[in-house]
$ cat target_14.cif   # mmCIF, C-alpha atoms
data_entry
#
loop_
_atom_site.group_PDB
_atom_site.id
_atom_site.type_symbol
_atom_site.label_atom_id
_atom_site.label_comp_id
_atom_site.auth_asym_id
_atom_site.auth_seq_id
_atom_site.Cartn_x
_atom_site.Cartn_y
_atom_site.Cartn_z
ATOM 1 C CA MET A 1 38.989 8.558 82.349
ATOM 2 C CA ILE A 2 40.668 11.199 80.165
ATOM 3 C CA ARG A 3 42.450 8.536 78.146
ATOM 4 C CA TYR A 4 39.202 6.645 77.650
ATOM 5 C CA LEU A 5 37.366 9.765 76.473
ATOM 6 C CA ARG A 6 40.205 10.620 74.094
ATOM 7 C CA ASN A 7 40.163 7.138 72.551
ATOM 8 C CA ARG A 8 36.393 7.189 72.149
ATOM 9 C CA LEU A 9 36.481 10.592 70.479
ATOM 10 C CA LEU A 10 39.186 9.377 68.101
ATOM 11 C CA LEU A 11 37.057 6.333 67.234
ATOM 12 C CA ALA A 12 34.142 8.657 66.512
ATOM 13 C CA ILE A 13 36.052 10.272 63.642
ATOM 14 C CA PRO A 14 35.932 7.272 61.234
ATOM 15 C CA THR A 15 32.286 6.695 62.198
ATOM 16 C CA LEU A 16 31.367 10.264 61.341
ATOM 17 C CA LEU A 17 33.428 10.125 58.149
ATOM 18 C CA GLY A 18 31.731 6.913 57.042
ATOM 19 C CA VAL A 19 28.250 8.309 57.660
ATOM 20 C CA ALA A 20 29.113 11.557 55.887
ATOM 21 C CA THR A 21 30.468 9.699 52.852
ATOM 22 C CA LEU A 22 27.508 7.349 52.682
ATOM 23 C CA ILE A 23 24.841 10.038 52.966
ATOM 24 C CA PHE A 24 26.613 12.338 50.463
ATOM 25 C CA PHE A 25 26.826 9.778 47.662
ATOM 26 C CA MET A 26 23.403 8.281 48.389
ATOM 27 C CA LEU A 27 21.715 11.658 48.079
ATOM 28 C CA ASN A 28 23.601 12.510 44.910
ATOM 29 C CA VAL A 29 22.430 9.369 43.097
ATOM 30 C CA LEU A 30 18.784 9.865 44.034
ATOM 31 C CA PRO A 31 16.415 11.243 41.373
ATOM 32 C CA GLY A 32 15.359 14.858 41.732
ATOM 33 C CA ASP A 33 17.027 18.204 41.237
ATOM 34 C CA THR A 34 16.952 20.938 43.857
ATOM 35 C CA VAL A 35 17.290 23.681 41.249
ATOM 36 C CA GLU A 36 14.440 22.462 39.042
ATOM 37 C CA THR A 37 12.214 21.869 42.062
ATOM 38 C CA MET A 38 12.949 25.376 43.305
ATOM 39 C CA LEU A 39 12.460 27.118 39.951
ATOM 40 C CA ARG A 40 9.308 25.163 39.075
ATOM 41 C CA ALA A 41 7.676 25.987 42.400
ATOM 42 C CA GLU A 42 4.337 27.760 42.095
ATOM 43 C CA GLY A 43 3.974 26.816 38.430
ATOM 44 C CA GLY A 44 7.243 28.237 37.103
ATOM 45 C CA ASN A 45 8.623 27.039 33.758
ATOM 46 C CA PRO A 46 12.351 27.886 33.725
ATOM 47 C CA SER A 47 14.457 27.628 30.608
ATOM 48 C CA VAL A 48 17.394 25.241 30.293
ATOM 49 C CA GLU A 49 19.773 28.199 30.410
ATOM 50 C CA LEU A 50 18.267 29.489 33.654
ATOM 51 C CA VAL A 51 18.540 26.059 35.285
ATOM 52 C CA ALA A 52 22.164 25.761 34.174
ATOM 53 C CA ALA A 53 22.996 29.225 35.477
ATOM 54 C CA GLU A 54 21.418 28.526 38.842
ATOM 55 C CA ARG A 55 23.253 25.199 39.142
ATOM 56 C CA ALA A 56 26.500 27.016 38.406
ATOM 57 C CA ARG A 57 25.714 29.631 41.050
ATOM 58 C CA LEU A 58 25.136 26.952 43.662
ATOM 59 C CA GLY A 59 28.217 24.987 42.592
ATOM 60 C CA LEU A 60 26.201 21.937 41.542
ATOM 61 C CA ASP A 61 27.806 21.812 38.097
ATOM 62 C CA ARG A 62 31.205 20.901 39.517
ATOM 63 C CA PRO A 63 32.507 17.307 39.518
ATOM 64 C CA LEU A 64 31.045 15.139 42.279
ATOM 65 C CA LEU A 65 34.420 14.475 43.911
ATOM 66 C CA VAL A 66 35.089 18.218 44.124
ATOM 67 C CA GLN A 67 31.739 18.732 45.852
ATOM 68 C CA TYR A 68 32.562 15.834 48.176
ATOM 69 C CA GLY A 69 35.909 17.417 49.074
ATOM 70 C CA ASP A 70 34.221 20.721 49.865
ATOM 71 C CA PHE A 71 31.684 18.873 51.985
ATOM 72 C CA LEU A 72 34.405 17.176 54.070
ATOM 73 C CA THR A 73 36.299 20.448 54.408
ATOM 74 C CA GLY A 74 33.130 22.072 55.705
ATOM 75 C CA LEU A 75 32.690 19.310 58.291
ATOM 76 C CA VAL A 76 36.129 20.030 59.718
ATOM 77 C CA THR A 77 35.241 23.711 60.123
ATOM 78 C CA LEU A 78 31.663 22.970 61.324
ATOM 79 C CA ASP A 79 30.288 24.438 58.099
ATOM 80 C CA LEU A 80 27.496 22.257 56.733
ATOM 81 C CA GLY A 81 26.854 24.566 53.789
ATOM 82 C CA HIS A 82 23.893 26.768 52.930
ATOM 83 C CA SER A 83 20.332 25.743 52.180
ATOM 84 C CA HIS A 84 19.588 25.934 48.460
ATOM 85 C CA TRP A 85 16.096 27.220 49.234
ATOM 86 C CA THR A 86 16.539 29.748 51.999
ATOM 87 C CA GLY A 87 20.216 30.557 51.527
ATOM 88 C CA LYS A 88 20.743 30.337 55.293
ATOM 89 C CA PRO A 89 23.552 28.265 56.842
ATOM 90 C CA VAL A 90 22.414 24.676 57.408
ATOM 91 C CA ILE A 91 23.908 24.613 60.902
ATOM 92 C CA GLU A 92 21.776 27.653 61.762
ATOM 93 C CA GLU A 93 18.620 26.011 60.397
ATOM 94 C CA VAL A 94 19.297 22.789 62.307
ATOM 95 C CA MET A 95 20.254 24.425 65.606
ATOM 96 C CA LEU A 96 17.114 26.567 65.458
ATOM 97 C CA ARG A 97 14.918 23.439 65.350
ATOM 98 C CA LEU A 98 17.055 21.025 67.394
ATOM 99 C CA PRO A 99 16.083 22.284 70.905
ATOM 100 C CA VAL A 100 12.412 21.443 70.306
ATOM 101 C CA THR A 101 13.229 17.903 69.204
ATOM 102 C CA LEU A 102 15.664 17.368 72.078
ATOM 103 C CA GLN A 103 13.123 18.629 74.603
ATOM 104 C CA VAL A 104 10.472 16.228 73.308
ATOM 105 C CA ALA A 105 12.974 13.354 73.259
ATOM 106 C CA VAL A 106 14.254 14.022 76.796
ATOM 107 C CA LEU A 107 10.757 14.426 78.249
ATOM 108 C CA SER A 108 9.576 11.294 76.416
ATOM 109 C CA MET A 109 12.473 9.274 77.782
ATOM 110 C CA ILE A 110 11.830 10.587 81.305
ATOM 111 C CA VAL A 111 8.220 9.411 80.991
ATOM 112 C CA ALA A 112 9.393 6.054 79.640
ATOM 113 C CA ILE A 113 11.923 5.501 82.436
ATOM 114 C CA ALA A 114 9.503 6.632 85.157
ATOM 115 C CA VAL A 115 6.983 4.065 83.918
ATOM 116 C CA ALA A 116 9.299 1.236 82.862
ATOM 117 C CA VAL A 117 11.664 0.861 85.822
ATOM 118 C CA PRO A 118 9.025 0.358 88.554
ATOM 119 C CA LEU A 119 6.634 -1.655 86.369
ATOM 120 C CA GLY A 120 9.422 -3.825 84.944
ATOM 121 C CA THR A 121 10.770 -4.454 88.441
ATOM 122 C CA ILE A 122 7.331 -5.374 89.796
ATOM 123 C CA ALA A 123 6.650 -7.683 86.834
ATOM 124 C CA GLY A 124 9.974 -9.456 87.391
ATOM 125 C CA LEU A 125 9.438 -9.828 91.143
ATOM 126 C CA TYR A 126 5.933 -11.237 90.656
ATOM 127 C CA GLN A 127 6.673 -13.392 87.632
ATOM 128 C CA GLY A 128 3.682 -15.450 86.504
ATOM 129 C CA SER A 129 1.188 -13.577 88.706
ATOM 130 C CA THR A 130 -1.866 -11.563 87.688
ATOM 131 C CA ILE A 131 0.153 -8.375 88.207
ATOM 132 C CA ASP A 132 2.828 -9.674 85.835
ATOM 133 C CA TYR A 133 0.276 -10.508 83.140
ATOM 134 C CA ALA A 134 -1.403 -7.090 83.488
ATOM 135 C CA ILE A 135 1.923 -5.274 83.099
ATOM 136 C CA ARG A 136 2.874 -7.441 80.113
ATOM 137 C CA ILE A 137 -0.446 -6.631 78.430
ATOM 138 C CA PHE A 138 0.235 -2.939 79.086
ATOM 139 C CA ALA A 139 3.684 -3.333 77.488
ATOM 140 C CA ILE A 140 2.371 -5.226 74.457
ATOM 141 C CA GLY A 141 -0.198 -2.469 73.911
ATOM 142 C CA GLY A 142 2.569 0.127 73.864
ATOM 143 C CA ILE A 143 4.550 -1.831 71.293
ATOM 144 C CA ALA A 144 1.491 -2.417 69.107
ATOM 145 C CA LEU A 145 0.153 1.165 69.093
ATOM 146 C CA PRO A 146 1.865 3.602 66.694
ATOM 147 C CA SER A 147 2.999 6.684 68.622
ATOM 148 C CA PHE A 148 1.449 9.161 66.167
ATOM 149 C CA TRP A 149 -1.946 7.405 66.318
ATOM 150 C CA PHE A 150 -1.857 7.277 70.110
ATOM 151 C CA GLY A 151 -0.912 10.952 70.149
ATOM 152 C CA MET A 152 -3.899 11.838 67.974
ATOM 153 C CA ILE A 153 -6.216 9.857 70.276
ATOM 154 C CA ILE A 154 -4.843 11.644 73.347
ATOM 155 C CA ALA A 155 -5.293 15.028 71.681
ATOM 156 C CA LEU A 156 -8.891 14.218 70.688
ATOM 157 C CA VAL A 157 -9.746 12.957 74.185
ATOM 158 C CA MET A 158 -8.326 16.113 75.761
ATOM 159 C CA LEU A 159 -10.267 18.263 73.290
ATOM 160 C CA TRP A 160 -13.599 16.487 73.749
ATOM 161 C CA SER A 161 -13.353 15.960 77.519
ATOM 162 C CA PHE A 162 -11.632 19.143 78.679
ATOM 163 C CA ASN A 163 -11.801 21.408 75.614
ATOM 164 C CA TRP A 164 -8.019 21.772 75.844
ATOM 165 C CA LEU A 165 -5.212 21.426 73.323
ATOM 166 C CA PRO A 166 -1.479 22.102 73.706
ATOM 167 C CA PRO A 167 -0.564 25.749 73.067
ATOM 168 C CA LEU A 168 1.106 26.644 69.785
ATOM 169 C CA GLY A 169 4.271 28.641 69.294
ATOM 170 C CA SER A 170 7.786 28.136 70.608
ATOM 171 C CA PRO A 171 7.855 28.928 74.338
ATOM 172 C CA SER A 172 11.261 29.148 76.006
ATOM 173 C CA ILE A 173 12.233 26.797 78.814
ATOM 174 C CA MET A 174 13.829 29.749 80.617
ATOM 175 C CA LYS A 175 11.057 32.322 80.148
ATOM 176 C CA ASP A 176 7.905 30.173 80.239
ATOM 177 C CA PRO A 177 8.619 26.575 81.375
ATOM 178 C CA VAL A 178 4.976 25.921 82.299
ATOM 179 C CA ARG A 179 3.735 26.762 78.803
ATOM 180 C CA LEU A 180 6.542 24.659 77.316
ATOM 181 C CA LEU A 181 5.535 21.694 79.492
ATOM 182 C CA GLN A 182 1.917 22.108 78.419
ATOM 183 C CA GLN A 183 3.028 22.049 74.787
ATOM 184 C CA LEU A 184 5.274 18.989 75.071
ATOM 185 C CA ILE A 185 3.519 16.783 77.624
ATOM 186 C CA LEU A 186 1.074 15.127 75.201
ATOM 187 C CA PRO A 187 3.657 14.197 72.543
ATOM 188 C CA ALA A 188 5.971 13.065 75.358
ATOM 189 C CA ILE A 189 3.291 10.739 76.740
ATOM 190 C CA ALA A 190 2.484 9.377 73.281
ATOM 191 C CA VAL A 191 6.118 8.639 72.472
ATOM 192 C CA GLY A 192 7.090 7.709 76.031
ATOM 193 C CA TYR A 193 4.416 5.001 76.228
ATOM 194 C CA ARG A 194 5.845 3.329 73.141
ATOM 195 C CA TYR A 195 9.381 3.295 74.504
ATOM 196 C CA SER A 196 8.364 2.420 78.058
ATOM 197 C CA ALA A 197 6.850 -0.780 76.679
ATOM 198 C CA ILE A 198 10.225 -1.832 75.281
ATOM 199 C CA LEU A 199 12.042 -0.932 78.496
ATOM 200 C CA ILE A 200 9.483 -2.763 80.655
ATOM 201 C CA ARG A 201 10.184 -6.027 78.864
ATOM 202 C CA MET A 202 13.926 -5.500 79.144
ATOM 203 C CA MET A 203 13.748 -4.568 82.837
ATOM 204 C CA ARG A 204 11.488 -7.523 83.634
ATOM 205 C CA SER A 205 13.866 -10.016 82.009
ATOM 206 C CA SER A 206 16.858 -8.452 83.770
ATOM 207 C CA VAL A 207 15.160 -8.619 87.184
ATOM 208 C CA ILE A 208 14.229 -12.274 86.664
ATOM 209 C CA ASP A 209 17.830 -13.102 85.742
ATOM 210 C CA ALA A 210 19.209 -11.137 88.706
ATOM 211 C CA LEU A 211 16.947 -12.945 91.168
ATOM 212 C CA HIS A 212 18.660 -16.238 90.271
ATOM 213 C CA GLU A 213 22.210 -14.928 90.698
ATOM 214 C CA ASP A 214 24.492 -16.173 93.467
ATOM 215 C CA TYR A 215 24.860 -12.768 95.115
ATOM 216 C CA VAL A 216 21.105 -12.635 95.701
ATOM 217 C CA ARG A 217 21.127 -16.103 97.282
ATOM 218 C CA THR A 218 24.040 -15.033 99.471
ATOM 219 C CA ALA A 219 22.228 -11.869 100.559
ATOM 220 C CA ARG A 220 19.172 -13.915 101.470
ATOM 221 C CA ALA A 221 21.306 -16.401 103.403
ATOM 222 C CA LYS A 222 22.781 -13.501 105.406
ATOM 223 C CA GLY A 223 19.290 -12.525 106.459
ATOM 224 C CA LEU A 224 19.064 -9.188 104.637
ATOM 225 C CA ARG A 225 15.603 -7.714 104.258
ATOM 226 C CA VAL A 226 13.862 -8.347 100.959
ATOM 227 C CA ALA A 227 13.488 -4.639 100.187
ATOM 228 C CA LYS A 228 17.195 -4.076 100.790
ATOM 229 C CA ILE A 229 18.121 -6.987 98.514
ATOM 230 C CA ILE A 230 15.903 -5.624 95.755
ATOM 231 C CA TRP A 231 17.074 -2.005 95.845
ATOM 232 C CA ARG A 232 20.753 -2.605 96.602
ATOM 233 C CA HIS A 233 21.403 -5.698 94.503
ATOM 234 C CA VAL A 234 18.630 -6.641 92.080
ATOM 235 C CA VAL A 235 17.628 -3.237 90.664
ATOM 236 C CA PRO A 236 21.145 -1.762 90.132
ATOM 237 C CA ASN A 237 22.338 -4.891 88.313
ATOM 238 C CA SER A 238 19.128 -5.076 86.296
ATOM 239 C CA LEU A 239 19.608 -1.492 85.146
ATOM 240 C CA LEU A 240 22.806 -2.246 83.197
ATOM 241 C CA PRO A 241 21.189 -3.865 80.130
ATOM 242 C CA THR A 242 18.248 -1.472 80.452
ATOM 243 C CA ILE A 243 20.600 1.514 80.272
ATOM 244 C CA THR A 244 22.007 0.145 77.022
ATOM 245 C CA MET A 245 18.499 0.021 75.609
ATOM 246 C CA ILE A 246 17.741 3.512 76.947
ATOM 247 C CA GLY A 247 20.776 4.922 75.165
ATOM 248 C CA LEU A 248 20.000 3.221 71.856
ATOM 249 C CA GLU A 249 16.315 4.078 71.990
ATOM 250 C CA PHE A 250 16.994 7.713 72.875
ATOM 251 C CA ALA A 251 19.285 8.146 69.877
ATOM 252 C CA LEU A 252 16.741 6.479 67.594
ATOM 253 C CA LEU A 253 13.919 8.442 69.216
ATOM 254 C CA ILE A 254 15.329 11.768 68.038
ATOM 255 C CA GLY A 255 15.256 10.607 64.436
ATOM 256 C CA SER A 256 11.760 9.117 64.691
ATOM 257 C CA LEU A 257 9.833 12.167 65.885
ATOM 258 C CA VAL A 258 8.980 13.243 62.335
ATOM 259 C CA VAL A 259 5.306 12.266 62.427
ATOM 260 C CA ILE A 260 4.754 13.281 66.064
ATOM 261 C CA GLU A 261 6.050 16.770 65.321
ATOM 262 C CA GLN A 262 3.604 17.005 62.432
ATOM 263 C CA VAL A 263 0.685 15.798 64.556
ATOM 264 C CA PHE A 264 1.327 18.357 67.317
ATOM 265 C CA SER A 265 2.627 21.156 65.037
ATOM 266 C CA LEU A 266 6.060 21.240 66.637
ATOM 267 C CA ASN A 267 8.743 23.136 64.775
ATOM 268 C CA GLY A 268 11.529 20.607 65.238
ATOM 269 C CA ILE A 269 14.032 18.584 63.246
ATOM 270 C CA GLY A 270 11.289 16.312 61.933
ATOM 271 C CA ARG A 271 9.418 19.148 60.252
ATOM 272 C CA LEU A 272 12.669 20.536 58.849
ATOM 273 C CA PHE A 273 13.489 17.106 57.430
ATOM 274 C CA ILE A 274 10.104 16.798 55.738
ATOM 275 C CA GLU A 275 10.473 20.281 54.252
ATOM 276 C CA ALA A 276 13.951 19.428 52.953
ATOM 277 C CA VAL A 277 12.744 16.180 51.369
ATOM 278 C CA SER A 278 9.767 17.850 49.704
ATOM 279 C CA ARG A 279 12.083 20.515 48.261
ATOM 280 C CA SER A 280 14.892 18.075 47.356
ATOM 281 C CA ASP A 281 17.138 20.282 49.481
ATOM 282 C CA PHE A 282 19.768 17.575 49.861
ATOM 283 C CA ILE A 283 22.324 19.733 51.625
ATOM 284 C CA VAL A 284 19.910 20.285 54.526
ATOM 285 C CA ILE A 285 19.221 16.539 54.697
ATOM 286 C CA GLN A 286 22.982 15.932 54.887
ATOM 287 C CA GLY A 287 23.285 18.395 57.746
ATOM 288 C CA ILE A 288 20.431 16.790 59.707
ATOM 289 C CA VAL A 289 21.938 13.309 59.343
ATOM 290 C CA ILE A 290 25.379 14.536 60.451
ATOM 291 C CA VAL A 291 23.946 16.248 63.550
ATOM 292 C CA LEU A 292 21.908 13.138 64.465
ATOM 293 C CA THR A 293 25.039 10.997 64.052
ATOM 294 C CA VAL A 294 26.951 13.221 66.466
ATOM 295 C CA ILE A 295 24.092 12.925 68.970
ATOM 296 C CA PHE A 296 24.072 9.130 68.577
ATOM 297 C CA ILE A 297 27.816 8.962 69.282
ATOM 298 C CA ALA A 298 27.482 11.260 72.303
ATOM 299 C CA VAL A 299 24.606 9.249 73.767
ATOM 300 C CA ASN A 300 26.538 5.984 73.442
ATOM 301 C CA LEU A 301 29.497 7.585 75.226
ATOM 302 C CA LEU A 302 27.207 8.729 78.049
ATOM 303 C CA VAL A 303 25.817 5.194 78.327
ATOM 304 C CA ASP A 304 29.320 3.797 78.832
ATOM 305 C CA LEU A 305 30.010 6.414 81.506
ATOM 306 C CA ALA A 306 26.718 5.554 83.217
ATOM 307 C CA TYR A 307 27.818 1.903 83.323
ATOM 308 C CA ALA A 308 30.852 2.818 85.401
ATOM 309 C CA ALA A 309 28.784 5.072 87.675
ATOM 310 C CA ILE A 310 26.211 2.351 88.449
ATOM 311 C CA ASP A 311 28.535 -0.649 88.651
ATOM 312 C CA PRO A 312 31.898 0.055 90.351
ATOM 313 C CA ARG A 313 33.238 -3.257 89.011
ATOM 314 C CA ILE A 314 33.345 -1.724 85.529
ATOM 315 C CA GLU A 315 36.467 0.257 84.812
ATOM 316 C CA LEU A 316 36.850 2.640 81.905
ATOM 317 C CA GLY A 317 39.996 1.716 80.081
#

$ encode --input "target_14.cif" --output "structure tokens"
Amino acid sequence: MIRYLRNRLLLAIPTLLGVATLIFFMLNVLPGDTVETMLRAEGGNPSVELVAAERARLGLDRPLLVQYGDFLTGLVTLDLGHSHWTGKPVIEEVMLRLPVTLQVAVLSMIVAIAVAVPLGTIAGLYQGSTIDYAIRIFAIGGIALPSFWFGMIIALVMLWSFNWLPPLGSPSIMKDPVRLLQQLILPAIAVGYRYSAILIRMMRSSVIDALHEDYVRTARAKGLRVAKIIWRHVVPNSLLPTITMIGLEFALLIGSLVVIEQVFSLNGIGRLFIEAVSRSDFIVIQGIVIVLTVIFIAVNLLVDLAYAAIDPRIELG
């Protein structure tokens, strides 16, 4: 186990380096200047000398390779630089917003799994039946509906029917978990429905394939009860490909909450990203991408570990 984790962490280094290199040079060839955007805010008209002085202060007048070297050096020391707008450390800005995004993502995935695993299993067991068609229609609806639009509909229905909207602010999970759940439940349902639809289709296909495997025929021949065959043989083996999808979708989910956070006024990574783009604050964008890459790597590692926990035939090596 320790050897496996060490090798995976070593393989993560070139991945992180490649992403860091790509995002750095891509952002530096894009049009737009952070300094001019900042100085021209609120109708300002800075002189050429003022722009040049500010660029020198921020170190943006140095050669690109020198800036790239400083960027990589900062990664090694967990220093993602300072925001050109606020002057605060990027890691501080990101970590301040990250818990909100992670909480929405985790709750959304819990909703998705709670819906997808039983419905996908039922659809696979009753393939071709009315129940199967109803669940497939439910899944197709989730794939077709944009999460942000569905979230707006849910919010409007709750407002018109119950005169209730999620509370604003940033409640703590330790101090006020009930208020936090009230704030996050609607965006979690909106996003979770979309991802449950994908997982339902995956789970259904996996269950259908598992039902035709030899070990299921053998279990039936031994006279095992149907419920025992399903929960001890069919479902655990069907979960393996579904877990892969859960891991990939969770990592992508964190980066796709931009619009949902705007719809429900959540102060997360998505809002920070939009603010950074509107201000051309490229160093903050770099920091967000790096943090999301680390999360993606960590989630994939957890998926591999979950494989070994569910299926004892899989050895980590």

$ resolve_selection --input "target_14.cif" --expression "the PyMOL selection byres ((chain A and resi 61-74) around 12)" --output "PyMOL selection string"
chain A and resi 13+16-29+33+35+51-60+75-82+89-91+283+286-287+290

$ residues_around --input "target_14.cif" --residues "stretch 223-236 of chain A" --least-positions-apart "5" --cutoff "10 Å" --atoms "all atoms listed in the file" --output "ChimeraX atom specification"
/A:117-118,121,125,203,206-213,215-218,310-311

$ atom_distance --input "target_14.cif" --atom1 "atom CA of A:Ala123" --atom2 "atom CA of A:Ile154"
26.2 Å

$ closest_residue --input "target_14.cif" --among "A:Leu156, A:Leu272, A:Ile198, A:Ala298" --to "A:Glu249" --atoms "only C-alpha atoms"
A:Ile198

$ closest_residue --input "target_14.cif" --among "A:Leu253, A:His84, A:Met158, A:Val303" --to "A:Thr37" --atoms "all atoms listed in the file"
A:His84

$ resolve_selection --input "target_14.cif" --expression "the PyMOL selection byres ((chain A and resi 254-260) around 8)" --output "PyMOL selection string"
chain A and resi 101-102+105+147-148+151+187+250-253+261-264+269-271+273-274+292

$ atom_distance --input "target_14.cif" --atom1 "atom CA of A:Ala139" --atom2 "atom CA of A:Leu266"
27.0 Å

$ residues_around --input "target_14.cif" --residues "A:Asn300" --least-positions-apart "2" --cutoff "12 Å" --atoms "all atoms listed in the file" --output "list of chain:residue names"
A:Leu5, A:Arg8, A:Leu9, A:Ala12, A:Ile243, A:Thr244, A:Met245, A:Ile246, A:Gly247, A:Leu248, A:Glu249, A:Phe250, A:Ala251, A:Leu252, A:Thr293, A:Val294, A:Ile295, A:Phe296, A:Ile297, A:Ala298, A:Leu302, A:Val303, A:Asp304, A:Leu305, A:Ala306, A:Tyr307

$ write_last_selection --input "target_14.cif" --atoms "C-alpha atoms" --output "compact mmCIF listing (two decimals), in the frame of the given file"
# COMPACT_ATOMS: atom_id res chain seq x y z
CA LEU A 5 37.37 9.76 76.47
CA ARG A 8 36.39 7.19 72.15
CA LEU A 9 36.48 10.59 70.48
CA ALA A 12 34.14 8.66 66.51
CA ILE A 243 20.60 1.51 80.27
CA THR A 244 22.01 0.14 77.02
CA MET A 245 18.50 0.02 75.61
CA ILE A 246 17.74 3.51 76.95
CA GLY A 247 20.78 4.92 75.17
CA LEU A 248 20.00 3.22 71.86
CA GLU A 249 16.32 4.08 71.99
CA PHE A 250 16.99 7.71 72.88
CA ALA A 251 19.28 8.15 69.88
CA LEU A 252 16.74 6.48 67.59
CA THR A 293 25.04 11.00 64.05
CA VAL A 294 26.95 13.22 66.47
CA ILE A 295 24.09 12.92 68.97
CA PHE A 296 24.07 9.13 68.58
CA ILE A 297 27.82 8.96 69.28
CA ALA A 298 27.48 11.26 72.30
CA LEU A 302 27.21 8.73 78.05
CA VAL A 303 25.82 5.19 78.33
CA ASP A 304 29.32 3.80 78.83
CA LEU A 305 30.01 6.41 81.51
CA ALA A 306 26.72 5.55 83.22
CA TYR A 307 27.82 1.90 83.32

$ closest_residue --input "target_14.cif" --among "A:Leu181, A:Arg204, A:Val157, A:Leu168" --to "A:Gly128" --atoms "all atoms listed in the file"
A:Arg204

$ resolve_selection --input "target_14.cif" --expression "the PyMOL selection byres ((chain A and resi 135) around 9)" --output "list of chain:residue names"
A:Leu119, A:Gly120, A:Ile122, A:Ala123, A:Thr130, A:Ile131, A:Asp132, A:Tyr133, A:Ala134, A:Arg136, A:Ile137, A:Phe138, A:Ala139, A:Ile140, A:Ile200

$ residues_around --input "target_14.cif" --residues "A:Val284" --least-positions-apart "4" --cutoff "7 Å" --atoms "only C-alpha atoms" --output "mmCIF file with C-alpha atoms, keeping the file's coordinate frame"
data_model
loop_
_atom_site.group_PDB
_atom_site.id
_atom_site.type_symbol
_atom_site.label_atom_id
_atom_site.label_comp_id
_atom_site.auth_asym_id
_atom_site.auth_seq_id
_atom_site.Cartn_x
_atom_site.Cartn_y
_atom_site.Cartn_z
ATOM 1 C CA SER A 83 20.332 25.743 52.180
ATOM 2 C CA VAL A 90 22.414 24.676 57.408
ATOM 3 C CA ALA A 276 13.951 19.428 52.953
ATOM 4 C CA ILE A 288 20.431 16.790 59.707
#

$ closest_residue --input "target_14.cif" --among "A:Ser280, A:Leu159, A:Gly268, A:Ile185" --to "A:Glu93" --atoms "all atoms listed in the file"
A:Gly268

$ atom_distance --input "target_14.cif" --atom1 "atom CA of A:Asp281" --atom2 "atom CA of A:Arg40"
13.9 Å

$ closest_residue --input "target_14.cif" --among "A:Leu39, A:Ala197, A:Leu180, A:Ile173" --to "A:Ala114" --atoms "only C-alpha atoms"
A:Ala197

$ closest_residue --input "target_14.cif" --among "A:Ala144, A:Val106, A:Ile2, A:Leu165" --to "A:Arg194" --atoms "all atoms listed in the file"
A:Ala144

$ build_atoms --input "target_14.cif" --residues "stretch 93-104 of chain A" --atoms "N, CA and C atoms" --output "PDB file, in the frame of the given file"
ATOM      1  N   GLU A  93      19.963  26.571  60.546  1.00  0.00           N
ATOM      2  CA  GLU A  93      18.620  26.011  60.397  1.00  0.00           C
ATOM      3  C   GLU A  93      18.407  24.842  61.357  1.00  0.00           C
ATOM      4  N   VAL A  94      19.417  23.969  61.460  1.00  0.00           N
ATOM      5  CA  VAL A  94      19.297  22.789  62.307  1.00  0.00           C
ATOM      6  C   VAL A  94      19.265  23.177  63.780  1.00  0.00           C
ATOM      7  N   MET A  95      20.180  24.051  64.201  1.00  0.00           N
ATOM      8  CA  MET A  95      20.254  24.425  65.606  1.00  0.00           C
ATOM      9  C   MET A  95      19.033  25.221  66.058  1.00  0.00           C
ATOM     10  N   LEU A  96      18.340  25.849  65.122  1.00  0.00           N
ATOM     11  CA  LEU A  96      17.114  26.567  65.458  1.00  0.00           C
ATOM     12  C   LEU A  96      15.993  25.588  65.806  1.00  0.00           C
ATOM     13  N   ARG A  97      15.987  24.424  65.133  1.00  0.00           N
ATOM     14  CA  ARG A  97      14.918  23.439  65.350  1.00  0.00           C
ATOM     15  C   ARG A  97      15.297  22.365  66.369  1.00  0.00           C
ATOM     16  N   LEU A  98      16.600  22.139  66.560  1.00  0.00           N
ATOM     17  CA  LEU A  98      17.055  21.025  67.394  1.00  0.00           C
ATOM     18  C   LEU A  98      16.560  21.091  68.836  1.00  0.00           C
ATOM     19  N   PRO A  99      16.546  22.265  69.505  1.00  0.00           N
ATOM     20  CA  PRO A  99      16.083  22.284  70.905  1.00  0.00           C
ATOM     21  C   PRO A  99      14.689  21.712  71.100  1.00  0.00           C
ATOM     22  N   VAL A 100      13.774  21.971  70.174  1.00  0.00           N
ATOM     23  CA  VAL A 100      12.412  21.443  70.306  1.00  0.00           C
ATOM     24  C   VAL A 100      12.425  19.917  70.280  1.00  0.00           C
ATOM     25  N   THR A 101      13.160  19.359  69.315  1.00  0.00           N
ATOM     26  CA  THR A 101      13.229  17.903  69.204  1.00  0.00           C
ATOM     27  C   THR A 101      13.899  17.286  70.422  1.00  0.00           C
ATOM     28  N   LEU A 102      14.971  17.890  70.892  1.00  0.00           N
ATOM     29  CA  LEU A 102      15.664  17.368  72.078  1.00  0.00           C
ATOM     30  C   LEU A 102      14.774  17.433  73.312  1.00  0.00           C
ATOM     31  N   GLN A 103      14.011  18.503  73.445  1.00  0.00           N
ATOM     32  CA  GLN A 103      13.123  18.629  74.603  1.00  0.00           C
ATOM     33  C   GLN A 103      12.044  17.551  74.585  1.00  0.00           C
ATOM     34  N   VAL A 104      11.471  17.290  73.418  1.00  0.00           N
ATOM     35  CA  VAL A 104      10.472  16.228  73.308  1.00  0.00           C
ATOM     36  C   VAL A 104      11.106  14.875  73.609  1.00  0.00           C
TER      37      VAL A 104
END
